[in-house]
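K.L.:
Supplied structure: query_13.cif, mmCIF, C-alpha atoms.
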```
data_entry
#
loop_
_atom_site.label_atom_id
_atom_site.label_comp_id
_atom_site.auth_asym_id
_atom_site.auth_seq_id
_atom_site.Cartn_x
_atom_site.Cartn_y
_atom_site.Cartn_z
CA MET B 1 40.03 -10.18 -15.10
CA GLY B 2 38.14 -9.54 -11.90
CA VAL B 3 41.23 -10.52 -9.95
CA LEU B 4 43.14 -7.67 -11.62
CA LYS B 5 40.41 -5.15 -10.77
CA PHE B 6 40.40 -6.34 -7.17
CA GLY B 7 44.22 -6.16 -7.12
CA MET B 8 44.01 -2.57 -8.35
CA ALA B 9 41.63 -1.72 -5.50
CA MET B 10 43.98 -3.37 -2.99
CA GLU B 11 46.97 -1.43 -4.32
CA ASN B 12 45.00 1.81 -3.97
CA GLN B 13 44.17 0.89 -0.37
CA GLY B 14 47.84 0.21 0.33
CA LEU B 15 48.79 3.53 -1.24
CA ALA B 16 46.22 5.36 0.91
CA PHE B 17 47.48 3.62 4.06
CA TYR B 18 51.10 4.66 3.51
CA MET B 19 50.15 8.19 2.50
CA ASP B 20 47.93 8.58 5.60
CA PHE B 21 50.62 7.41 8.00
CA LEU B 22 53.69 8.91 6.32
CA PRO B 23 53.32 12.33 8.02
CA LYS B 24 53.02 10.65 11.43
CA VAL B 25 56.19 8.55 11.11
CA LYS B 26 59.18 9.96 13.00
CA ASP B 27 61.86 7.30 12.49
CA SER B 28 63.90 8.28 9.40
CA GLY B 29 64.27 4.69 8.19
CA THR B 30 60.56 3.99 8.52
CA LYS B 31 59.82 7.26 6.73
CA ALA B 32 62.13 6.22 3.85
CA LEU B 33 60.43 2.82 3.74
CA PHE B 34 56.93 4.34 3.64
CA GLU B 35 58.01 6.82 0.95
CA ALA B 36 59.34 3.94 -1.16
CA LEU B 37 56.13 1.97 -0.59
CA VAL B 38 53.97 4.93 -1.68
CA LYS B 39 55.83 4.91 -5.00
CA MET B 40 55.72 1.12 -5.31
CA GLU B 41 52.01 0.81 -4.58
CA LYS B 42 51.37 3.46 -7.25
CA ASP B 43 53.62 1.52 -9.66
CA HIS B 44 51.73 -1.70 -8.87
CA TYR B 45 48.40 -0.01 -9.53
CA ASP B 46 49.66 1.44 -12.82
CA TYR B 47 51.08 -1.91 -13.91
CA LEU B 48 47.85 -3.76 -13.07
CA SER B 49 45.80 -1.09 -14.82
CA GLU B 50 47.93 -1.37 -17.98
CA GLN B 51 47.60 -5.15 -17.98
CA TYR B 52 43.87 -4.96 -17.38
CA GLN B 53 43.58 -2.64 -20.39
CA ASN B 54 45.74 -4.98 -22.49
CA LEU B 55 43.59 -8.00 -21.64
CA SER B 56 40.39 -6.00 -22.23
CA ARG B 57 41.61 -5.24 -25.75
CA GLY B 58 42.63 -8.83 -26.44
CA LYS B 59 46.34 -8.07 -26.10
CA GLU B 60 48.95 -10.04 -24.17
CA VAL B 61 50.12 -9.29 -20.65
CA GLU B 62 53.40 -7.38 -20.75
CA ASP B 63 56.41 -8.35 -18.67
CA ILE B 64 57.34 -6.20 -15.70
CA LYS B 65 59.29 -3.13 -16.72
CA GLU B 66 63.02 -3.20 -15.99
CA GLU B 67 62.85 0.16 -14.22
CA TYR B 68 60.99 -1.45 -11.30
CA GLU B 69 63.33 -2.31 -8.47
CA SER B 70 63.70 -6.03 -7.87
CA PRO B 71 62.22 -7.35 -4.61
CA GLU B 72 65.64 -8.51 -3.40
CA ILE B 73 67.31 -5.14 -3.98
CA PHE B 74 64.39 -3.34 -2.31
CA VAL B 75 64.64 -5.44 0.87
CA ALA B 76 68.45 -5.08 1.02
CA ARG B 77 68.23 -1.31 0.51
CA MET B 78 65.58 -0.89 3.19
CA GLU B 79 67.48 -3.02 5.71
CA GLN B 80 70.40 -0.59 5.47
CA GLN B 81 68.32 2.30 6.83
CA ASP B 82 69.46 3.60 10.21
CA VAL B 83 67.25 3.73 13.29
CA SER B 84 66.57 7.19 14.72
CA PRO B 85 68.08 7.82 18.17
CA GLU B 86 64.67 8.40 19.82
CA GLU B 87 62.71 5.48 21.15
CA PRO B 88 59.97 4.48 18.70
CA SER B 89 56.44 5.37 19.73
CA LEU B 90 53.80 2.75 20.30
CA GLU B 91 51.83 4.36 17.45
CA GLU B 92 54.74 3.92 15.06
CA LEU B 93 55.24 0.30 16.09
CA SER B 94 51.52 -0.39 15.71
CA THR B 95 51.51 1.24 12.27
CA LEU B 96 54.42 -0.94 11.15
CA ARG B 97 52.69 -4.03 12.50
CA MET B 98 49.51 -3.17 10.58
CA ALA B 99 51.56 -2.58 7.43
CA VAL B 100 53.17 -6.03 7.75
CA LEU B 101 49.73 -7.61 8.04
CA ILE B 102 48.40 -5.65 5.05
CA GLU B 103 51.31 -6.74 2.86
CA ASP B 104 50.95 -10.33 4.08
CA ASN B 105 47.29 -10.22 3.05
CA PHE B 106 48.21 -8.84 -0.39
CA MET B 107 50.91 -11.49 -0.82
CA ASN B 108 48.51 -14.30 0.07
CA PHE B 109 45.83 -12.92 -2.26
CA TYR B 110 48.21 -12.84 -5.23
CA GLN B 111 49.64 -16.29 -4.41
CA LYS B 112 46.18 -17.87 -4.25
CA ALA B 113 45.01 -16.05 -7.37
CA ALA B 114 48.15 -17.20 -9.24
CA ALA B 115 47.59 -20.80 -8.12
CA ASP B 116 44.03 -20.72 -9.49
CA GLU B 117 44.86 -18.89 -12.73
CA GLU B 118 45.02 -20.96 -15.91
CA GLU B 119 46.31 -18.31 -18.33
CA ARG B 120 50.12 -18.56 -18.13
CA SER B 121 50.89 -14.86 -18.63
CA VAL B 122 48.35 -13.79 -15.99
CA LYS B 123 49.65 -16.48 -13.62
CA LYS B 124 53.17 -15.04 -14.05
CA LEU B 125 51.90 -11.50 -13.45
CA LEU B 126 50.17 -12.55 -10.23
CA SER B 127 53.20 -14.54 -9.07
CA ASN B 128 55.42 -11.51 -9.65
CA LEU B 129 53.05 -9.34 -7.65
CA ALA B 130 53.11 -11.88 -4.83
CA GLN B 131 56.93 -11.62 -4.79
CA TRP B 132 56.76 -7.84 -4.66
CA GLU B 133 54.31 -7.97 -1.78
CA LYS B 134 56.53 -10.47 0.03
CA SER B 135 59.45 -8.06 -0.30
CA HIS B 136 57.29 -5.30 1.22
CA LYS B 137 56.29 -7.59 4.07
CA ASP B 138 59.90 -8.65 4.66
CA ALA B 139 61.22 -5.07 4.67
CA LEU B 140 58.45 -3.92 7.01
CA GLY B 141 58.97 -6.93 9.29
CA ALA B 142 62.71 -6.27 9.50
CA ARG B 143 62.05 -2.61 10.32
CA TYR B 144 59.50 -3.56 12.97
CA LYS B 145 61.98 -5.95 14.56
CA LYS B 146 64.73 -3.30 14.61
CA LEU B 147 62.44 -0.77 16.26
CA MET B 148 61.02 -3.32 18.71
CA GLU B 149 64.52 -4.25 19.83
CA LYS B 150 65.25 -0.56 20.46
CA SER B 151 62.01 0.07 22.36
CA ASN B 152 61.26 -0.47 26.03
CA LEU B 153 58.49 -2.84 24.93
CA TYR B 154 61.13 -5.39 23.95
CA ASN B 155 62.18 -5.67 27.60
CA LEU B 156 58.78 -6.73 28.91
CA GLY B 157 59.88 -10.30 29.50
CA ASP B 158 57.37 -12.91 28.39
CA MET B 159 54.98 -10.30 27.01
CA SER B 160 57.46 -9.16 24.34
CA ARG B 161 57.04 -12.48 22.52
CA TYR B 162 53.40 -11.53 21.83
CA LEU B 163 54.53 -8.33 20.17
CA MET B 164 57.04 -9.89 17.79
CA LEU B 165 55.95 -10.95 14.35
#
```
As structure tokens, please, write out the structure in this file.
P.N.:
Amino acid sequence: MGVLKFGMAMENQGLAFYMDFLPKVKDSGTKALFEALVKMEKDHYDYLSEQYQNLSRGKEVEDIKEEYESPEIFVARMEQQDVSPEEPSLEELSTLRMAVLIEDNFMNFYQKAAADEEERSVKKLLSNLAQWEKSHKDALGARYKKLMEKSNLYNLGDMSRYLML
């Protein structure tokens, strides 16, 4: 159950990150993505908290609620967001890059925890969370790539390859 408590702490950190940077984001598509991620990180925390309570009381882990958007639909919806006409700032690109790395870290945590988990229902819960985090990483990575291609940084020759994910 410690893995669920740690997961809850991670989800709170993700929520705080997106809430801190949301007011600074200028690109409308990135803003929509961060707004969606604020809601999703809160949903993840709530889901983990409910499951932690269930397990603490000797109950079973519940399946993911149908109202949660599937990872595939989330990525597809986010990829349809337009890019603002202004060139993205270095701060915005750096924020997106950090977000990709955060979600990658969360995804890896849940994958490793699922691989080590023996209880089938908890393993499934952790695997589902890993898929959600992968969808966040993928949507953020796609947004980063779109903005990088629009920025002057993309035209730095050999150096641009160091900036791509």
K.L.:
How many Å separate CA of Phe106 (chain B) from CA of Ala130 (chain B)?
P.N.:
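Rounded to one decimal, the two atoms are 7.3 Å apart.
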K.L.:
If we count only C-alpha atoms and set the cut-off at 12 Å, which residues sit around Ile102 (chain B), ignoring sequence neighbours fewer than 3 positions away in its own chain? Please answer as a compact mmCIF listing (two decimals) with C-alpha atoms, keeping the file's coordinate frame.
P.N.:
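Below is the file part00.txt, written as the result:
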```txt
# COMPACT_ATOMS: atom_id res chain seq x y z
CA MET B 10 43.98 -3.37 -2.99
CA GLU B 11 46.97 -1.43 -4.32
CA GLN B 13 44.17 0.89 -0.37
CA GLY B 14 47.84 0.21 0.33
CA LEU B 15 48.79 3.53 -1.24
CA ALA B 16 46.22 5.36 0.91
CA PHE B 17 47.48 3.62 4.06
CA TYR B 18 51.10 4.66 3.51
CA THR B 95 51.51 1.24 12.27
CA LEU B 96 54.42 -0.94 11.15
CA ARG B 97 52.69 -4.03 12.50
CA MET B 98 49.51 -3.17 10.58
CA ALA B 99 51.56 -2.58 7.43
CA ASN B 105 47.29 -10.22 3.05
CA PHE B 106 48.21 -8.84 -0.39
CA MET B 107 50.91 -11.49 -0.82
CA ASN B 108 48.51 -14.30 0.07
CA PHE B 109 45.83 -12.92 -2.26
CA GLU B 133 54.31 -7.97 -1.78
CA LYS B 134 56.53 -10.47 0.03
CA HIS B 136 57.29 -5.30 1.22
CA LYS B 137 56.29 -7.59 4.07
CA ASP B 138 59.90 -8.65 4.66
CA LEU B 140 58.45 -3.92 7.01
CA GLY B 141 58.97 -6.93 9.29
```
K.L.:
One number please: CA of Met40 (chain B) to CA of Glu117 (chain B), in Å, one decimal.
P.N.:
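Between CA of Met40 (chain B) and CA of Glu117 (chain B) the gap works out to 23.9 Å.
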K.L.:
Could you tell me how far CA of Lys39 (chain B) sits from CA of Glu149 (chain B), in Å to one decimal place?
P.N.:
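Between these atoms lies a distance of 27.9 Å.
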K.L.:
Using the chain letters and numbers from this file, what does the PyMOL selection byres ((chain B and resi 49-53) around 10) select? Give the answer as a ChimeraX atom specification.
P.N.:
/B:1-5,7-8,43-48,54-63,122,125
K.L.:
Given the choices B:Gln111, B:Thr30, B:Ser121, B:Ser89, which gets closest to Asn152 (chain B) if the distance is worked out from all atoms listed in the file?
P.N.:
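Result for the nearest residue to Asn152 (chain B): B:Ser89.
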K.L.:
Counting only C-alpha atoms, figure out which residue out of B:Ala9, B:Leu129, B:Ala115, B:Glu86 gets nearest to Ser151 (chain B).
P.N.:
B:Glu86
K.L.:
For a quick check of understanding, using all atoms listed in the file, which of B:Leu37, B:Ser28, B:Arg120, B:Glu87 has the smallest distance to Trp132 (chain B)?
P.N.:
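The shortest atom-to-atom distance to Trp132 (chain B) comes from B:Leu37.
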